[in-house]
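Here is the structure we will look at.
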Amino acid sequence: MKKLNVLVVDDSAFMRKVITDIIEDNSDLRVVGTAKNGQEAIEKIKELSPTIVTMDVEMPIMDGITALKVIMKEMPLPVLMLSSLTKEGADATVRALELGAVDFIAKPSSIFKMNTEDMKLQLHEKLKMASKANVKSKHVFKPELTASDKKVFNFKTDANVNNIVAIGTSTGGPRALQSIIPFLPKNIPASILIVQHMPPGFTKSLAERLNSLSEITVKEAEEDDILLPAHAYVAPGDRHMKVIKNGNVFRIKLTTDQPMTGHRPSVDYMMNSLAQLQIKNLTGVIMTGMGSDGAEGMRNIKLSGGVTIAQSEESCVVYGMPKSAVNLGCVDILVSLEGIAESIIKAVGV
């Protein structure tokens with residue numbers, strides 16, 4: 001296998017050395033250069049043509065977010081962000097993913113914990129995965145919707161939830177979700193449940209960002225939340241999310257059950273819980289991401305009489321999770337990212 005060439009960008013000389021040593025501990029990876037700020041990173045990318053870049057967020061002269069904007073506009077290539085676990089770090093990470101970063105790794109609270117076996121494995125796996133990502137997708141994210149984007153639909157308003165939409169995604173998901181949730185009408189008669197593979201802390205920032213862009217209400221799910229129409233609930237990092245029914249009321253339950261397909265939260269876990277309920281109208285949506293989480297859940301939603309929608313290969317950052325569902329033969333609608341919101345709207349009864 002040809003080695004993947006990595007450019008390491010961090011303002012700390014110690015951190016650059018630690019990250020370089022971790023990367024070069026894997027025979028498939030090679031660090032071809034380092035940079036101490038975003039401006040230097042842009043110059044080094046032009047000079048060295050790396051396969052992938054690891055990018056710190058907070059740096060002098062030019063920060064990681066500013067550099068990322070330039071990189072994705074002028075010389076798109078996979079960028080893996082290194083993010084702090086603070087609220088500000090989580091918000092910046094969500095912004096970076098929105099701008100086109102493929103994925104991120106949360107830096108441990110102590111710089112000396114970077115060199116653990118778990119961190120090594122995570123960095124190696126994410127670098128290899130990110131190197132295969134489709135960063136040159138023709139899809140362009142529009143954070144600000146125009147009046148023509150905000151279509152009005154004559155839904156019948158009903159306090160009871162009879163429609164549930166379950167969305168599962170991973171790598172590339174935060175950006176993809178911003179091309180779906182803001183396009184759902186404010187009176188859509190459905191509750192939307194979202195599982196995005198992310199660590200604790202980051203899912204709250206994602207929910208807040210989606211809420212700021214959308215006409216429906218988006219929040220990080222909490223124990224015993226009652227599902228309401230025109231509300232979306234994002235599973236918190238490191239918690240599975242399922243739904244139980246009490247009479248006409250649907251409630252969210254969060255658990256620390258064992259990971260499924262290596263994930264907690266798991267898309268399969270959420271979708272399987274929904275497929276077991278007597279729901280008038282259930283829609284499953286599987287989007288960009290590595291691996292197969294959600295394929296089994298999509299099959300169970302289809303077997304329960306629900307509608308299943310998958311994101312098409314050309315519009316995915318990583319065509320793993322949708323491909324697994326397609327291979328199971330359980331996808332009703334295969335559509336590009338731009339068509340998913342409309343497909344959801346039709347599925348819930350327009």
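Simple scheme: letters A, B, ... for chains in structure tokens order, numbers from 1 for residues in each chain, numbers from 1 for ligands in the order shown.
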Go through region 167-218 of chain A residue by residue and, counting only C-alpha atoms, keep those with an atom at most 9 Å from region 85-108 of chain A; for each kept residue give the shortest atom pair and its distance in Å to one decimal, ordered by chain and increasing number, as a Markdown table.
| residue | atom | partner | partner_atom | distance |
| --- | --- | --- | --- | --- |
| A:Thr171 | CA | A:Asp103 | CA | 6.3 |
| A:Gly172 | CA | A:Val102 | CA | 6.0 |
| A:Gly173 | CA | A:Leu97 | CA | 8.6 |
| A:Pro174 | CA | A:Leu97 | CA | 6.4 |
| A:Arg175 | CA | A:Glu98 | CA | 4.6 |
| A:Ala176 | CA | A:Glu98 | CA | 8.3 |
| A:Gln178 | CA | A:Glu98 | CA | 7.8 |
| A:Pro199 | CA | A:Ala106 | CA | 8.0 |
| A:Pro200 | CA | A:Leu85 | CA | 8.9 |
| A:Gly201 | CA | A:Ala90 | CA | 6.7 |
| A:Phe202 | CA | A:Ala90 | CA | 5.1 |
| A:Thr203 | CA | A:Ala90 | CA | 8.4 |
| A:Lys204 | CA | A:Ala90 | CA | 8.5 |
| A:Ser205 | CA | A:Asp91 | CA | 5.4 |
| A:Leu206 | CA | A:Val94 | CA | 6.0 |
| A:Glu208 | CA | A:Asp91 | CA | 8.9 |
| A:Arg209 | CA | A:Val94 | CA | 7.8 |
Taking only C-alpha atoms into account, produce a table as a Markdown table in which each residue of region 301-325 of chain A with an atom at most 10 Å from an atom of region 343-348 of chain A appears once, together with its shortest atom pair and the distance in Å to one decimal, ordered by chain and rising number.
| residue | atom | partner | partner_atom | distance |
| --- | --- | --- | --- | --- |
| A:Gly306 | CA | A:Ala347 | CA | 9.2 |
| A:Val307 | CA | A:Ala347 | CA | 7.0 |
| A:Thr308 | CA | A:Ala347 | CA | 9.1 |
| A:Ile309 | CA | A:Ser343 | CA | 7.6 |
Next on the checklist: Excluding Ser315 (chain A) and its own-chain neighbours fewer than 4 positions away, which residues fall within 10 Å of it when counting only C-alpha atoms? Please give them as JSON, numbers by chain.
Outcome noted: {"A": [134, 135, 136, 137, 138, 139, 176, 287, 288, 311, 319, 335, 336, 337, 338]}
Write out, as a short mmCIF file (atom, residue, chain, number, x, y, z; two decimals), in the first residue's frame, the residues just selected, with N, CA, C and O atoms.
data_model
loop_
_atom_site.label_atom_id
_atom_site.label_comp_id
_atom_site.auth_asym_id
_atom_site.auth_seq_id
_atom_site.Cartn_x
_atom_site.Cartn_y
_atom_site.Cartn_z
N ASN A 134 -14.75 11.80 0.08
CA ASN A 134 -15.07 12.59 -1.12
C ASN A 134 -15.20 14.06 -0.72
O ASN A 134 -16.28 14.53 -0.39
N VAL A 135 -14.08 14.78 -0.76
CA VAL A 135 -14.11 16.19 -0.34
C VAL A 135 -14.40 17.11 -1.52
O VAL A 135 -14.57 18.31 -1.35
N LYS A 136 -14.48 16.56 -2.70
CA LYS A 136 -14.73 17.39 -3.88
C LYS A 136 -16.15 17.23 -4.39
O LYS A 136 -16.45 17.45 -5.55
N SER A 137 -17.05 16.84 -3.49
CA SER A 137 -18.46 16.73 -3.84
C SER A 137 -18.96 18.06 -4.40
O SER A 137 -18.59 19.13 -3.92
N LYS A 138 -19.82 17.99 -5.40
CA LYS A 138 -20.33 19.21 -6.02
C LYS A 138 -21.36 19.91 -5.14
O LYS A 138 -21.79 21.02 -5.41
N HIS A 139 -21.76 19.21 -4.07
CA HIS A 139 -22.77 19.80 -3.19
C HIS A 139 -22.21 21.05 -2.50
O HIS A 139 -21.10 21.05 -2.00
N ALA A 176 -23.99 17.41 6.29
CA ALA A 176 -25.14 16.90 5.55
C ALA A 176 -26.45 17.24 6.25
O ALA A 176 -27.45 17.61 5.61
N MET A 287 -27.52 8.13 6.08
CA MET A 287 -26.71 9.08 5.32
C MET A 287 -25.22 8.79 5.45
O MET A 287 -24.82 7.80 6.04
N THR A 288 -24.44 9.66 4.91
CA THR A 288 -22.99 9.53 4.82
C THR A 288 -22.35 9.03 6.11
O THR A 288 -22.71 9.46 7.20
N GLN A 311 -28.95 8.12 1.28
CA GLN A 311 -28.22 9.13 0.53
C GLN A 311 -27.40 8.47 -0.58
O GLN A 311 -26.74 7.46 -0.36
N TYR A 319 -19.37 6.75 1.49
CA TYR A 319 -20.53 5.92 1.13
C TYR A 319 -20.40 4.54 1.76
O TYR A 319 -20.14 3.55 1.09
N VAL A 335 -31.47 8.76 -2.98
CA VAL A 335 -31.58 10.13 -3.48
C VAL A 335 -30.35 10.93 -3.06
O VAL A 335 -29.70 10.63 -2.06
N SER A 336 -30.04 11.97 -3.84
CA SER A 336 -28.90 12.83 -3.49
C SER A 336 -29.23 13.63 -2.23
O SER A 336 -30.39 13.75 -1.83
N LEU A 337 -28.20 14.19 -1.61
CA LEU A 337 -28.38 14.94 -0.38
C LEU A 337 -29.43 16.04 -0.54
O LEU A 337 -30.28 16.24 0.33
N GLU A 338 -29.41 16.73 -1.68
CA GLU A 338 -30.34 17.83 -1.91
C GLU A 338 -31.79 17.38 -1.95
O GLU A 338 -32.70 18.17 -1.75
#
Item to check | Close residues, Tyr269 (chain A) itself excluded, 9 Å, only C-alpha atoms, min 5 positions apart in chain, as a list in words | outcome: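 Close residues of Tyr269 (chain A): His240, Met241, Lys242, Pro259, Met260, Arg264, Leu274, Gly294 and Gly297 of chain A.
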Item to check | In region 124-332 of chain A, DSSP strand (DSSP E) residues written as an MDAnalysis selection string | outcome: chainID A and resid 163:169 191:196 217:220 231:234 240:246 249:255 281:286 307:311
